[in-house]
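Novice: The structure is given below, and queries will be raised subsequently.
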There are 2 protein chains.
Amino acid sequence: MIETPYLLFLGDAPDNLAAKVARGIRDWRPDNVVGQLRLAGCKADVGVPDLGLEEARRKGARTLVIGVANRGGVIARSWKSVLLKALDMGYDIASGLHNLLRDEADLAERARANGRQLFDVRIPLVKYPIANGRKRSGKRCLAVGTDCSIGKMYTALCLDKAMAARGMKASFRATGQTGILITGDGVPLDAVIADFMAGSIEYLTPDNDADHWDLIEGQGSLFHASYSGVTMALIHGGQPDALILCDVPGRPHMRGLPDYRLPSLEQVRDTALPLARIVNPKCQVVGVSLNTADLADDEALECCARIEKRLGLPTVDPFRHGADRLAEALDAL
Amino acid sequence: MIETPYLLFLGDAPDNLAAKVARGIRDWRPDNVVGQLRLAGCKADVGVPDLGLEEARRKGARTLVIGVANRGGVIARSWKSVLLKALDMGYDIASGLHNLLRDEADLAERARANGRQLFDVRIPLVKYPIANGRKRSGKRCLAVGTDCSIGKMYTALCLDKAMAARGMKASFRATGQTGILITGDGVPLDAVIADFMAGSIEYLTPDNDADHWDLIEGQGSLFHASYSGVTMALIHGGQPDALILCDVPGRPHMRGLPDYRLPSLEQVRDTALPLARIVNPKCQVVGVSLNTADLADDEALECCARIEKRLGLPTVDPFRHGADRLAEALDAL
């Protein structure tokens, strides 16, 4: 577990898109954030107070989180003096970059000297078991998508918020780097060894209260040639009671695969549900989550209504319209 | 690539089952074997000449292959003096055990001192790419099963032999430790990082002659909760033109999962084929391969005939009856 609260390091991010990780933490765990630290030339702003290392430390910050993804996922030279100083001041550092903190000799040495921790959330820290497929107590919901990067994490986080507001027991279960930094815990599934993928998801979502929901962050897509194996392991390791179908209306082709069209929501439903029922015969598809960021307000509502009618399932953009109807659907199961 | 020919090390194997790897090499690449080396108390015999290290070396052996899997996959103390002597004599050593050769300090040091190689085929040696899903030239066949350990490797190896006899161009493509030791090359798929699984299979089966068949060794099962993600990656990375369905008649439950019944061959067909068509719309199911080792001769033939009628597909036990009819089915595609 990464210690909170965080100071969000935006470095020299060229735009807000590059600070996606920091923004996710600010959006979903605002109580975990004391402020942002920006270097000269930084063009990103996640709308929290600008603080220096010392000021943030006085406000209680325990971990400096690298909230920026630059090209190639490297740790820039220009960041180093801040990171080293943070370690001297008693901060841990957490990062989801490909370039690992621990592989930087100066950071590793300084962390050791100060007794601080470097969290590289891209790499599993746990020796996961092989999945045993045994039925677990408690309930689980998984978002499955027509494609990668289509809103599966936001769907689970919106549900987490809506369910908490309704007094339902729920836990967001992170399976990717951003999700892990948001919650401070999870499984970096794309970096797990093949034989242990499903087992890592069983480990992440253990026995729980009968009325507790694990909201498992989805990854990839059964229809994405590069990552379908990861999605399959989530379905079989997650043992979902409920599936939510995710889509971005209008995306021209599968992400990174220009020769592949996206499947229909019906195809996703008809493929994912029988596979989920292998491990949980009671699994149901309970709703549709659309990412309508590219549509105007009236278009977004019209699109949801059209798909709701077509599939006969509650259909919302949970980030835009709230996830209450999806939470209701889970509650009704 | 592991250098051939091999001397097969059977150690102190308690029975023939423990020498499964050596037996696989003897069955499928007899030309690569000069003999077997057995320690005192060894109860296994793969039916090749018993040779000492020196005699085998004179007959041309280049690599000592650990052909025995003992409990826990460890390198026994009692083996060490032979392995060290082999390195001194100029042998490389290859192993598929969990306990890596390279992690044994004395072996690693002796290999270095002698300029010899230790091949731990359990671990990938290549940095595989992420799959790109692009159509490749040449043809590919993949065996998919109702369960793990059901005869998928033997099916591909039998086909390899039958196709060579018919003058067809074909290559067995190993995806597991035994297969890699048999052929000297391949991808240890169960040890590949999740994000690179499908890419490793694209790497293993690159563009080829239009009439060349890659016979890809299957792994796991779409219906096996522990390993279905690996099977999914094989289907999408392998881009198969042909699927062969594999089963062991009468197995009571999924391997290692006492709560799970095996699916029917029809369920495997109806699940695997639409998934394969995502990456190769022309994919066909061309035949059924049964492992009838537990049946008498007449029962085996009767079982094949019954399933052939039920599924309308050529059905054989390729190890018992030959794989000619499956080779014909591929040839006819």
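A note on labels: chains of the structure tokens are A, B, ... as shown, every chain counts residues from 1, and ligands are counted from 1 in their shown order.
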Let's have chain A fitted on chain B; use all the C-alpha atoms paired in order for the least-squares step and return it as a short mmCIF file (atom, residue, chain, number, x, y, z; two decimals) with C-alpha atoms, in the first residue's frame.
Specialist:
data_model
loop_
_atom_site.label_atom_id
_atom_site.label_comp_id
_atom_site.auth_asym_id
_atom_site.auth_seq_id
_atom_site.Cartn_x
_atom_site.Cartn_y
_atom_site.Cartn_z
CA MET A 1 18.63 -22.55 -30.77
CA ILE A 2 19.82 -25.50 -28.73
CA GLU A 3 22.53 -27.49 -30.50
CA THR A 4 21.84 -31.09 -31.45
CA PRO A 5 22.31 -34.01 -31.11
CA TYR A 6 21.36 -34.57 -27.50
CA LEU A 7 22.34 -36.91 -24.73
CA LEU A 8 19.17 -37.41 -22.66
CA PHE A 9 19.75 -37.19 -18.91
CA LEU A 10 17.23 -39.33 -16.99
CA GLY A 11 18.87 -38.88 -13.57
CA ASP A 12 17.26 -41.06 -10.91
CA ALA A 13 13.76 -40.95 -12.44
CA PRO A 14 11.46 -43.20 -10.37
CA ASP A 15 9.38 -44.31 -13.38
CA ASN A 16 8.84 -43.71 -17.09
CA LEU A 17 6.25 -41.00 -16.44
CA ALA A 18 8.95 -38.85 -14.83
CA ALA A 19 10.97 -39.10 -18.06
CA LYS A 20 8.16 -37.71 -20.20
CA VAL A 21 10.36 -35.00 -21.70
CA ALA A 22 13.06 -37.47 -22.77
CA ARG A 23 10.41 -39.75 -24.21
CA GLY A 24 8.89 -36.87 -26.22
CA ILE A 25 12.26 -36.08 -27.75
CA ARG A 26 12.90 -39.76 -28.51
CA ASP A 27 9.43 -40.14 -30.10
CA TRP A 28 9.51 -36.99 -32.22
CA ARG A 29 13.11 -36.20 -32.98
CA PRO A 30 14.89 -39.58 -32.79
CA ASP A 31 17.61 -38.30 -35.11
CA ASN A 32 18.50 -35.70 -32.48
CA VAL A 33 19.25 -38.34 -29.82
CA VAL A 34 22.50 -40.31 -29.40
CA GLY A 35 21.55 -42.00 -26.13
CA GLN A 36 20.38 -41.79 -22.53
CA LEU A 37 22.38 -41.27 -19.33
CA ARG A 38 20.91 -42.92 -16.23
CA LEU A 39 22.14 -42.68 -12.65
CA ALA A 40 22.09 -45.58 -10.20
CA GLY A 41 18.50 -46.36 -9.19
CA CYS A 42 16.93 -44.88 -12.33
CA LYS A 43 13.71 -46.75 -13.16
CA ALA A 44 13.00 -45.00 -16.47
CA ASP A 45 14.14 -46.20 -19.90
CA VAL A 46 13.31 -44.44 -23.14
CA GLY A 47 14.76 -47.25 -25.28
CA VAL A 48 17.92 -45.64 -26.62
CA PRO A 49 21.53 -46.75 -25.91
CA ASP A 50 22.88 -46.17 -22.39
CA LEU A 51 25.92 -43.97 -22.78
CA GLY A 52 28.34 -42.23 -20.47
CA LEU A 53 29.29 -38.59 -21.00
CA GLU A 54 32.50 -39.46 -22.83
CA GLU A 55 31.05 -42.12 -25.09
CA ALA A 56 28.14 -39.86 -26.06
CA ARG A 57 30.52 -37.01 -26.75
CA ARG A 58 32.50 -39.23 -29.12
CA LYS A 59 29.22 -40.00 -30.91
CA GLY A 60 28.73 -36.30 -31.45
CA ALA A 61 26.42 -35.22 -28.59
CA ARG A 62 26.47 -31.41 -28.13
CA THR A 63 23.85 -30.83 -25.44
CA LEU A 64 22.92 -32.69 -22.29
CA VAL A 65 19.14 -32.36 -21.98
CA ILE A 66 17.49 -32.79 -18.59
CA GLY A 67 14.80 -35.23 -19.72
CA VAL A 68 13.28 -35.83 -16.32
CA ALA A 69 10.78 -33.84 -14.25
CA ASN A 70 11.04 -34.60 -10.58
CA ARG A 71 8.75 -33.38 -7.81
CA GLY A 72 8.89 -29.61 -7.53
CA GLY A 73 11.03 -29.27 -10.65
CA VAL A 74 14.27 -28.99 -8.69
CA ILE A 75 17.82 -29.82 -9.73
CA ALA A 76 18.79 -32.71 -7.44
CA ARG A 77 22.08 -32.68 -5.58
CA SER A 78 22.78 -36.16 -6.86
CA TRP A 79 22.81 -34.81 -10.44
CA LYS A 80 25.36 -32.11 -9.85
CA SER A 81 28.61 -33.97 -10.38
CA VAL A 82 27.39 -35.24 -13.77
CA LEU A 83 26.20 -31.80 -14.86
CA LEU A 84 29.46 -30.13 -13.82
CA LYS A 85 31.51 -32.78 -15.58
CA ALA A 86 29.40 -32.35 -18.74
CA LEU A 87 30.19 -28.63 -18.78
CA ASP A 88 33.89 -29.41 -18.38
CA MET A 89 33.67 -31.76 -21.37
CA GLY A 90 32.13 -29.16 -23.65
CA TYR A 91 28.43 -29.96 -23.39
CA ASP A 92 25.80 -27.26 -23.21
CA ILE A 93 22.93 -28.12 -20.84
CA ALA A 94 19.22 -27.58 -21.54
CA SER A 95 16.40 -27.84 -19.01
CA GLY A 96 12.72 -27.05 -18.67
CA LEU A 97 12.67 -27.32 -14.88
CA HIS A 98 11.25 -24.58 -12.66
CA ASN A 99 14.53 -24.57 -10.76
CA LEU A 100 16.70 -22.74 -13.30
CA LEU A 101 20.16 -23.96 -14.22
CA ARG A 102 21.38 -20.36 -14.18
CA ASP A 103 20.28 -19.98 -10.56
CA GLU A 104 22.65 -22.73 -9.45
CA ALA A 105 25.85 -20.83 -8.67
CA ASP A 106 28.16 -23.77 -9.32
CA LEU A 107 26.62 -24.56 -12.71
CA ALA A 108 26.59 -20.92 -13.77
CA GLU A 109 30.24 -20.48 -12.78
CA ARG A 110 31.35 -23.69 -14.48
CA ALA A 111 29.46 -22.85 -17.69
CA ARG A 112 31.13 -19.44 -17.77
CA ALA A 113 34.56 -20.89 -17.13
CA ASN A 114 34.10 -23.36 -20.01
CA GLY A 115 32.36 -20.99 -22.39
CA ARG A 116 29.28 -23.26 -22.44
CA GLN A 117 25.58 -22.34 -22.50
CA LEU A 118 22.83 -23.14 -20.02
CA PHE A 119 19.41 -23.17 -21.72
CA ASP A 120 16.55 -22.65 -19.30
CA VAL A 121 13.66 -23.08 -21.70
CA ARG A 122 11.13 -22.20 -19.00
CA ILE A 123 12.14 -18.55 -19.32
CA PRO A 124 11.77 -16.38 -22.44
CA LEU A 125 15.08 -15.26 -23.91
CA VAL A 126 13.49 -12.85 -26.38
CA LYS A 127 11.90 -9.43 -25.80
CA TYR A 128 8.67 -10.13 -27.66
CA PRO A 129 6.69 -7.36 -29.37
CA ILE A 130 3.08 -6.39 -28.70
CA ALA A 131 0.86 -8.10 -31.27
CA ASN A 132 -0.12 -5.98 -34.27
CA GLY A 133 -2.82 -8.29 -35.67
CA ARG A 134 -1.62 -7.82 -39.27
CA LYS A 135 -2.40 -10.62 -41.69
CA ARG A 136 0.65 -12.81 -42.33
CA SER A 137 1.36 -14.94 -45.38
CA GLY A 138 1.41 -18.73 -45.07
CA LYS A 139 -1.08 -20.88 -43.16
CA ARG A 140 -1.48 -21.80 -39.54
CA CYS A 141 -3.18 -24.60 -37.66
CA LEU A 142 -3.93 -24.56 -33.93
CA ALA A 143 -5.23 -27.35 -31.72
CA VAL A 144 -7.77 -26.18 -29.11
CA GLY A 145 -8.96 -28.47 -26.37
CA THR A 146 -11.73 -29.17 -23.93
CA ASP A 147 -9.04 -29.07 -21.22
CA CYS A 148 -5.31 -28.79 -20.50
CA SER A 149 -2.99 -31.80 -21.01
CA ILE A 150 -5.29 -33.44 -23.48
CA GLY A 151 -3.01 -34.17 -26.45
CA LYS A 152 -2.66 -30.81 -28.22
CA MET A 153 1.14 -31.07 -28.53
CA TYR A 154 0.99 -34.67 -29.75
CA THR A 155 -1.68 -33.70 -32.27
CA ALA A 156 0.59 -31.02 -33.76
CA LEU A 157 3.62 -33.34 -33.75
CA CYS A 158 1.66 -36.17 -35.41
CA LEU A 159 0.47 -33.74 -38.05
CA ASP A 160 4.02 -32.52 -38.58
CA LYS A 161 5.10 -36.10 -39.28
CA ALA A 162 2.13 -36.94 -41.51
CA MET A 163 2.50 -33.75 -43.53
CA ALA A 164 6.23 -34.30 -44.03
CA ALA A 165 5.44 -37.82 -45.32
CA ARG A 166 2.98 -36.32 -47.81
CA GLY A 167 5.55 -33.75 -48.95
CA MET A 168 3.62 -30.82 -47.48
CA LYS A 169 5.54 -27.85 -46.07
CA ALA A 170 4.98 -27.70 -42.32
CA SER A 171 6.74 -26.62 -39.11
CA PHE A 172 5.85 -27.61 -35.58
CA ARG A 173 5.92 -24.42 -33.49
CA ALA A 174 6.55 -25.15 -29.81
CA THR A 175 4.85 -23.05 -27.12
CA GLY A 176 5.74 -25.15 -24.06
CA GLN A 177 8.85 -26.47 -22.38
CA THR A 178 8.68 -30.04 -23.70
CA GLY A 179 7.96 -28.85 -27.21
CA ILE A 180 10.89 -26.43 -27.07
CA LEU A 181 13.26 -29.17 -25.93
CA ILE A 182 11.96 -31.46 -28.70
CA THR A 183 12.56 -28.93 -31.46
CA GLY A 184 15.29 -26.82 -29.88
CA ASP A 185 13.30 -23.61 -30.31
CA GLY A 186 9.96 -21.96 -29.45
CA VAL A 187 8.13 -19.67 -27.04
CA PRO A 188 7.60 -20.66 -23.38
CA LEU A 189 4.19 -19.01 -23.47
CA ASP A 190 3.15 -19.65 -19.87
CA ALA A 191 6.15 -17.57 -18.72
CA VAL A 192 5.59 -14.61 -21.05
CA ILE A 193 4.41 -11.25 -19.61
CA ALA A 194 0.67 -10.71 -20.22
CA ASP A 195 0.98 -7.78 -22.63
CA PHE A 196 3.31 -9.71 -24.95
CA MET A 197 1.58 -13.11 -25.15
CA ALA A 198 -0.13 -12.65 -28.51
CA GLY A 199 2.93 -10.84 -29.85
CA SER A 200 5.16 -13.77 -28.93
CA ILE A 201 2.99 -16.05 -31.08
CA GLU A 202 3.10 -13.63 -34.00
CA TYR A 203 6.90 -13.66 -33.57
CA LEU A 204 6.92 -17.48 -33.53
CA THR A 205 4.87 -17.80 -36.73
CA PRO A 206 6.06 -15.06 -39.11
CA ASP A 207 5.29 -14.58 -42.82
CA ASN A 208 5.99 -17.75 -44.76
CA ASP A 209 5.40 -19.43 -48.13
CA ALA A 210 1.75 -19.40 -49.16
CA ASP A 211 1.59 -23.22 -48.94
CA HIS A 212 3.52 -23.54 -45.67
CA TRP A 213 1.71 -24.59 -42.48
CA ASP A 214 2.75 -23.57 -38.98
CA LEU A 215 1.48 -26.26 -36.62
CA ILE A 216 1.15 -24.26 -33.43
CA GLU A 217 1.29 -26.16 -30.16
CA GLY A 218 -1.88 -25.40 -28.19
CA GLN A 219 -1.92 -24.54 -24.47
CA GLY A 220 -4.63 -24.55 -21.83
CA SER A 221 -8.28 -24.28 -22.80
CA LEU A 222 -10.79 -21.46 -23.22
CA PHE A 223 -12.81 -23.37 -20.61
CA HIS A 224 -10.02 -23.67 -18.04
CA ALA A 225 -10.33 -20.87 -15.46
CA SER A 226 -6.60 -20.86 -14.68
CA TYR A 227 -5.18 -20.72 -18.21
CA SER A 228 -7.89 -19.47 -20.59
CA GLY A 229 -6.06 -16.18 -21.13
CA VAL A 230 -3.08 -18.06 -22.53
CA THR A 231 -5.33 -19.96 -24.95
CA MET A 232 -7.00 -16.71 -26.02
CA ALA A 233 -3.61 -15.18 -26.82
CA LEU A 234 -2.69 -18.25 -28.91
CA ILE A 235 -5.89 -17.89 -30.93
CA HIS A 236 -5.40 -14.18 -31.58
CA GLY A 237 -1.62 -14.24 -31.97
CA GLY A 238 -1.70 -17.43 -34.04
CA GLN A 239 -4.25 -16.13 -36.55
CA PRO A 240 -5.20 -19.73 -37.39
CA ASP A 241 -6.65 -20.79 -40.74
CA ALA A 242 -7.58 -24.14 -39.24
CA LEU A 243 -8.60 -25.31 -35.77
CA ILE A 244 -8.48 -28.92 -34.59
CA LEU A 245 -10.61 -29.84 -31.58
CA CYS A 246 -8.95 -32.04 -28.94
CA ASP A 247 -10.50 -34.18 -26.21
CA VAL A 248 -9.84 -37.11 -23.88
CA PRO A 249 -13.06 -39.15 -23.75
CA GLY A 250 -14.17 -39.86 -20.20
CA ARG A 251 -12.10 -37.38 -18.21
CA PRO A 252 -14.20 -36.68 -15.07
CA HIS A 253 -13.35 -33.00 -14.48
CA MET A 254 -11.08 -30.18 -15.68
CA ARG A 255 -7.45 -30.76 -14.75
CA GLY A 256 -6.80 -29.29 -11.30
CA LEU A 257 -10.38 -27.93 -11.04
CA PRO A 258 -12.56 -30.61 -9.40
CA ASP A 259 -15.66 -28.37 -9.54
CA TYR A 260 -15.57 -27.97 -13.32
CA ARG A 261 -16.90 -30.44 -15.88
CA LEU A 262 -15.32 -30.56 -19.32
CA PRO A 263 -17.22 -28.78 -22.10
CA SER A 264 -18.50 -30.69 -25.11
CA LEU A 265 -16.56 -30.59 -28.37
CA GLU A 266 -19.47 -28.58 -29.79
CA GLN A 267 -19.01 -25.95 -27.07
CA VAL A 268 -15.31 -25.71 -27.84
CA ARG A 269 -16.08 -25.35 -31.56
CA ASP A 270 -18.77 -22.72 -31.03
CA THR A 271 -16.60 -20.70 -28.63
CA ALA A 272 -13.21 -20.91 -30.35
CA LEU A 273 -14.26 -20.41 -33.95
CA PRO A 274 -15.93 -16.97 -33.60
CA LEU A 275 -12.95 -15.79 -31.52
CA ALA A 276 -10.51 -17.01 -34.19
CA ARG A 277 -12.52 -15.32 -36.92
CA ILE A 278 -11.92 -11.93 -35.27
CA VAL A 279 -8.34 -12.15 -36.55
CA ASN A 280 -8.89 -14.52 -39.50
CA PRO A 281 -12.41 -14.48 -40.96
CA LYS A 282 -11.63 -17.55 -43.10
CA CYS A 283 -10.77 -19.80 -40.16
CA GLN A 284 -12.40 -23.27 -40.24
CA VAL A 285 -12.66 -26.17 -37.82
CA VAL A 286 -11.19 -29.06 -39.83
CA GLY A 287 -11.11 -32.08 -37.56
CA VAL A 288 -11.17 -33.72 -34.15
CA SER A 289 -8.21 -35.31 -32.36
CA LEU A 290 -8.98 -37.74 -29.55
CA ASN A 291 -6.57 -39.11 -26.98
CA THR A 292 -7.88 -42.68 -26.64
CA ALA A 293 -4.99 -44.07 -24.59
CA ASP A 294 -7.41 -45.36 -21.95
CA LEU A 295 -9.59 -47.28 -24.44
CA ALA A 296 -9.19 -50.71 -26.01
CA ASP A 297 -8.57 -50.84 -29.77
CA ASP A 298 -12.18 -51.47 -30.78
CA GLU A 299 -13.51 -48.94 -28.28
CA ALA A 300 -11.12 -46.31 -29.64
CA LEU A 301 -12.28 -46.84 -33.21
CA GLU A 302 -15.91 -46.88 -32.16
CA CYS A 303 -15.45 -43.66 -30.17
CA CYS A 304 -13.85 -41.88 -33.15
CA ALA A 305 -16.63 -43.05 -35.49
CA ARG A 306 -19.33 -41.88 -33.10
CA ILE A 307 -17.83 -38.42 -32.70
CA GLU A 308 -17.11 -38.17 -36.43
CA LYS A 309 -20.78 -38.74 -37.11
CA ARG A 310 -21.88 -36.34 -34.38
CA LEU A 311 -19.68 -33.42 -35.47
CA GLY A 312 -19.37 -34.16 -39.18
CA LEU A 313 -15.59 -33.80 -39.00
CA PRO A 314 -12.71 -36.24 -39.58
CA THR A 315 -11.99 -37.71 -36.14
CA VAL A 316 -8.87 -39.70 -35.26
CA ASP A 317 -6.49 -40.51 -32.46
CA PRO A 318 -3.45 -39.27 -34.39
CA PHE A 319 -0.94 -41.01 -32.12
CA ARG A 320 -2.74 -44.34 -32.47
CA HIS A 321 -4.16 -44.17 -35.98
CA GLY A 322 -1.93 -41.59 -37.67
CA ALA A 323 -2.81 -38.03 -38.60
CA ASP A 324 -3.28 -38.59 -42.34
CA ARG A 325 -6.93 -37.65 -42.37
CA LEU A 326 -6.18 -34.42 -40.50
CA ALA A 327 -3.34 -33.65 -42.94
CA GLU A 328 -5.74 -34.26 -45.83
CA ALA A 329 -8.23 -31.87 -44.26
CA LEU A 330 -5.55 -29.16 -44.07
CA ASP A 331 -4.44 -29.88 -47.63
CA ALA A 332 -8.03 -29.47 -48.83
CA LEU A 333 -8.39 -25.98 -47.30
#
Novice: What parts of range 118-267 of chain A does DSSP call strand (DSSP E or B)? I'd like the answer as a ChimeraX atom specification.
Specialist: /A:118-120,139-145,169-173,193,212-216,242-247,254,257
Novice: Any chance you could export the current selection's C-alpha atoms as a PDB file, in the first residue's frame?
Specialist:
ATOM      1  CA  LEU A 118      10.094   3.596  -4.316  1.00  0.00           C
ATOM      2  CA  PHE A 119       6.795   2.213  -5.645  1.00  0.00           C
ATOM      3  CA  ASP A 120       6.992   1.128  -9.266  1.00  0.00           C
ATOM      4  CA  LYS A 139     -20.275 -10.119  -5.617  1.00  0.00           C
ATOM      5  CA  ARG A 140     -18.205  -8.853  -8.489  1.00  0.00           C
ATOM      6  CA  CYS A 141     -18.826  -6.537 -11.413  1.00  0.00           C
ATOM      7  CA  LEU A 142     -16.574  -6.266 -14.467  1.00  0.00           C
ATOM      8  CA  ALA A 143     -16.705  -3.777 -17.328  1.00  0.00           C
ATOM      9  CA  VAL A 144     -15.960  -5.331 -20.736  1.00  0.00           C
ATOM     10  CA  GLY A 145     -15.471  -3.191 -23.792  1.00  0.00           C
ATOM     11  CA  LYS A 169     -20.738  -1.846   0.055  1.00  0.00           C
ATOM     12  CA  ALA A 170     -18.315  -1.606  -2.854  1.00  0.00           C
ATOM     13  CA  SER A 171     -14.573  -1.525  -3.578  1.00  0.00           C
ATOM     14  CA  PHE A 172     -12.898  -0.367  -6.754  1.00  0.00           C
ATOM     15  CA  ARG A 173     -10.264  -2.993  -7.631  1.00  0.00           C
ATOM     16  CA  ILE A 193       3.302 -13.617 -16.071  1.00  0.00           C
ATOM     17  CA  HIS A 212     -20.209  -6.472  -1.009  1.00  0.00           C
ATOM     18  CA  TRP A 213     -19.352  -5.631  -4.632  1.00  0.00           C
ATOM     19  CA  ASP A 214     -15.852  -5.689  -6.084  1.00  0.00           C
ATOM     20  CA  LEU A 215     -15.823  -3.260  -9.002  1.00  0.00           C
ATOM     21  CA  ILE A 216     -13.043  -4.744 -11.090  1.00  0.00           C
ATOM     22  CA  ALA A 242     -22.466  -8.701 -13.459  1.00  0.00           C
ATOM     23  CA  LEU A 243     -20.976  -7.434 -16.709  1.00  0.00           C
ATOM     24  CA  ILE A 244     -21.273  -3.861 -17.971  1.00  0.00           C
ATOM     25  CA  LEU A 245     -20.689  -3.272 -21.682  1.00  0.00           C
ATOM     26  CA  CYS A 246     -18.530  -0.261 -22.599  1.00  0.00           C
ATOM     27  CA  ASP A 247     -18.218   1.620 -25.892  1.00  0.00           C
ATOM     28  CA  MET A 254      -9.607  -0.691 -32.807  1.00  0.00           C
ATOM     29  CA  LEU A 257      -5.076  -1.838 -35.085  1.00  0.00           C
TER      30      LEU A 257
END
